[in-house]
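Undergrad: Have a look at the structure that comes next, please.
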Amino acid sequence: MRIIKFVFLGTLAVVLVTVSLANTTSVTLNLLPSGVSSLIGLNLSLSVPLFLIIFAAIIVGVLIGFFWEYMREYKHRAAAQRHKRESEKLAKEVDQMKIKKARDQGDEVLALLEN
């Protein structure tokens, strides 16, 4: 399994380096449409290599996906935590009932051992 992981990561690195070398041309990224920028009086634009925009878009997409899945699975994590607390509570109740039963039967030694 470790070999497959390294082969995948190596292939991914080669692909990313190839894409970055093929897209080194600088492009202008306008942060506001031209109509809005002239209305406001701000011309927010950046001149960056194209591969940086591509990689940034990929990273932002992955982060949004992780956040979306985290929020979507929240109800399952909350239910699991609730069930865990409930099972711990029931286990304590069972232990207390065993101790009470041992005391009711008059076996003080067994009651002390179960504490």
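In the structure tokens, each chain is lettered A, B, ... as it comes, each chain's residues begin at 1, and ligands are numbered from 1 in order of appearance.
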So which bits of stretch 46-100 of chain A end up strand (DSSP E) when you DSSP the backbone, as a PyMOL selection string?
TA: chain A and resi 46-49
Undergrad: Could you tell me how far atom CA of A:Leu29 sits from atom CA of A:Ile53, in Å to one decimal place?
TA: 8.7 Å
Undergrad: What lies within 12 Å of A:Ser20 using only C-alpha atoms, ignoring chain neighbours under 5 positions off, as a short mmCIF file (atom, residue, chain, number, x, y, z; two decimals) with C-alpha atoms, in the first residue's frame?
TA:
```cif
data_model
loop_
_atom_site.label_atom_id
_atom_site.label_comp_id
_atom_site.auth_asym_id
_atom_site.auth_seq_id
_atom_site.Cartn_x
_atom_site.Cartn_y
_atom_site.Cartn_z
CA ALA A 13 3.97 15.90 -8.54
CA VAL A 14 5.04 15.31 -12.16
CA VAL A 15 1.62 16.41 -13.44
CA THR A 25 2.57 33.25 -18.89
CA SER A 26 1.42 36.16 -16.75
CA PRO A 49 1.23 33.42 -13.69
CA LEU A 50 -1.70 31.33 -14.88
CA PHE A 51 -0.63 28.19 -12.98
CA LEU A 52 -0.99 30.05 -9.66
CA ILE A 53 -4.60 30.84 -10.49
CA ILE A 54 -5.23 27.21 -11.45
CA PHE A 55 -3.64 25.86 -8.26
#
```
Undergrad: Kindly provide the residues of stretch 11-78 of chain A that approach stretch 82-98 of chain A to within 12 Å, each paired with its closest atom pair and their distance in Å to one decimal, based on only C-alpha atoms, listed by chain and increasing number, as a tab-separated table.
TA:
```
residue	atom	partner	partner_atom	distance
A:Lys75	CA	A:Arg82	CA	10.4
A:His76	CA	A:Arg82	CA	9.8
A:Arg77	CA	A:Arg82	CA	8.6
A:Ala78	CA	A:Arg82	CA	6.2
```
Undergrad: What does the file look like for those residues with N, CA and C atoms, as a compact mmCIF listing (two decimals), in the first residue's frame?
TA:
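So selection-v4.txt came out as:
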```
# COMPACT_ATOMS: atom_id res chain seq x y z
N LYS A 75 -24.65 16.02 11.75
CA LYS A 75 -25.75 15.33 12.44
C LYS A 75 -25.36 13.89 12.79
N HIS A 76 -24.55 13.25 11.96
CA HIS A 76 -24.12 11.89 12.25
C HIS A 76 -23.13 11.86 13.42
N ARG A 77 -22.21 12.82 13.45
CA ARG A 77 -21.26 12.89 14.56
C ARG A 77 -21.98 13.20 15.87
N ALA A 78 -22.97 14.10 15.82
CA ALA A 78 -23.73 14.46 17.02
C ALA A 78 -24.52 13.25 17.53
```
Undergrad: Can you work out the spacing between atom CA of A:Ser45 and atom CA of A:Ala57 in Å, to one decimal?
TA: 16.7 Å
Undergrad: Rank A:Thr24, A:Gly61, A:Leu32, A:Phe67 by their smallest atom-to-atom distance to A:Val48, using only C-alpha atoms, and report the top residue only.
TA: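 Of A:Thr24, A:Gly61, A:Leu32, A:Phe67, the one nearest A:Val48 is A:Thr24, counting only C-alpha atoms.
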Undergrad: Going by DSSP on the backbone, which bits of stretch 7-105 of chain A are alpha helix (DSSP H)? Write them as a PyMOL selection string, please.
TA: chain A and resi 7-22+34-40+50-72+74-104
